[in-house]
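What follows is one structure encoded as structure tokens, with my remarks underneath.
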Amino acid sequence: MIHGIGIDIVDVKRIEQAVRRWGGRFVERVFTPEEIEYCLGRVNPYDSYAARFAAKEAFIKALDPGVPVFLREIGVVRAASGRPGIRLYGNAEEYFATALRNGRIHLSLSHDRGCSIASVVIEADAP
């Protein structure tokens, strides 16, 4: 059963401006250490930061925008195959585990023409 669907699009330049303006304060407040390491290893880290930011926003929309979670509690990870996924931490992890016991998160990311987009589908077992 589909619990929720979320989609978000981010202008890469907006993320680049935030990183250049606020530096580590912005990056460390929004992204996990693993995400930061991954993005800094890319030719254009801003595309990757923007895609991860979009994924976090899309996840919140799919979960429930009223649930208080911090962006840093939502991490984008990559499987050995390269497929993106989401790993939850802190309050986000606790809420998800309690509300959607056997929930599954599906994530798709893309970049094009200065924009990054993410789509999240959350599946849950029928109540």
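For the structure tokens, the naming scheme is as follows: chains receive sequential letters (A, B, ...) according to their order of presentation, residues are indexed from 1 within each chain, and ligands are indexed from 1 in presentation order.
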
Taking the DSSP assignment computed from this structure's backbone, write out as number ranges by chain all residues of range 5-89 of chain A that belong to strand (DSSP E or B). A: 5-11, 74-78, 84-88

Determine, counting only C-alpha atoms, which protein, DNA and RNA residues have an atom within 12 Å of an atom of range 38-45 of chain A; residues of the same chain fewer than 4 positions away are not included. Present the result as a PyMOL selection string. chain A and resi 12-13+15-16+19-20+27+31-34+49-53+75-78+111+114

Extract, using only C-alpha atoms, all DNA, RNA and protein residues at most 10 Å from Gly6 in chain A, discarding same-chain residues fewer than 5 positions from it, and format them as JSON, numbers by chain. {"A": [54, 55, 56, 57, 58, 59, 60, 61, 62, 63, 64, 65, 107, 118, 119, 120, 121, 122]}

Kindly save the residues from that selection, with N, CA and C atoms included, as a compact mmCIF listing (two decimals), in the first residue's frame.
```txt
# COMPACT_ATOMS: atom_id res chain seq x y z
N ALA A 54 16.82 17.93 -2.49
CA ALA A 54 15.51 17.60 -3.07
C ALA A 54 14.97 16.29 -2.51
N ALA A 55 15.85 15.31 -2.31
CA ALA A 55 15.42 14.01 -1.77
C ALA A 55 14.89 14.16 -0.35
N LYS A 56 15.54 14.98 0.45
CA LYS A 56 15.09 15.20 1.83
C LYS A 56 13.71 15.85 1.84
N GLU A 57 13.53 16.87 1.00
CA GLU A 57 12.24 17.55 0.92
C GLU A 57 11.15 16.61 0.39
N ALA A 58 11.49 15.82 -0.61
CA ALA A 58 10.51 14.86 -1.16
C ALA A 58 10.13 13.82 -0.12
N PHE A 59 11.11 13.36 0.67
CA PHE A 59 10.82 12.39 1.72
C PHE A 59 9.86 12.97 2.74
N ILE A 60 10.09 14.20 3.17
CA ILE A 60 9.21 14.84 4.16
C ILE A 60 7.80 14.94 3.61
N LYS A 61 7.65 15.29 2.34
CA LYS A 61 6.32 15.38 1.72
C LYS A 61 5.64 14.01 1.69
N ALA A 62 6.42 12.97 1.38
CA ALA A 62 5.85 11.62 1.31
C ALA A 62 5.49 11.08 2.69
N LEU A 63 6.30 11.42 3.68
CA LEU A 63 6.05 10.93 5.05
C LEU A 63 4.84 11.62 5.64
N ASP A 64 4.93 12.92 5.79
CA ASP A 64 3.86 13.77 6.32
C ASP A 64 4.53 15.09 6.68
N PRO A 65 4.21 16.16 5.96
CA PRO A 65 4.87 17.43 6.24
C PRO A 65 4.70 17.93 7.68
N LEU A 107 13.48 5.78 -3.87
CA LEU A 107 14.00 7.09 -4.23
C LEU A 107 14.53 7.09 -5.65
N ALA A 118 14.02 15.01 -7.19
CA ALA A 118 13.93 13.75 -6.45
C ALA A 118 12.47 13.36 -6.31
N SER A 119 12.24 12.07 -6.38
CA SER A 119 10.91 11.51 -6.19
C SER A 119 11.02 10.41 -5.14
N VAL A 120 10.11 10.44 -4.17
CA VAL A 120 10.10 9.44 -3.09
C VAL A 120 8.72 8.81 -3.02
N VAL A 121 8.70 7.51 -2.91
CA VAL A 121 7.48 6.76 -2.66
C VAL A 121 7.72 5.96 -1.39
N ILE A 122 6.80 6.07 -0.44
CA ILE A 122 6.86 5.29 0.79
C ILE A 122 5.75 4.26 0.75
```

If you count only C-alpha atoms, which residues fall within 8 Å of Asp125 in chain A, apart from same-chain ones fewer than 5 positions away, as an mmCIF file with C-alpha atoms, in the first residue's frame?
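Output contents, as saved in result_5.cif:
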```cif
data_model
loop_
_atom_site.group_PDB
_atom_site.id
_atom_site.type_symbol
_atom_site.label_atom_id
_atom_site.label_comp_id
_atom_site.auth_asym_id
_atom_site.auth_seq_id
_atom_site.Cartn_x
_atom_site.Cartn_y
_atom_site.Cartn_z
ATOM 1 C CA MET A 1 0.000 0.000 0.000
ATOM 2 C CA LEU A 100 5.340 2.455 9.412
ATOM 3 C CA ASN A 102 7.695 -2.454 7.745
ATOM 4 C CA GLY A 103 7.770 0.637 5.569
#
```

Residue with smallest distance to Asp47 in chain A - pool A:Arg21, A:Arg87, A:Arg14, A:His106, counting only C-alpha atoms: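 That would be A:Arg14, the residue with the smallest distance to Asp47 in chain A.
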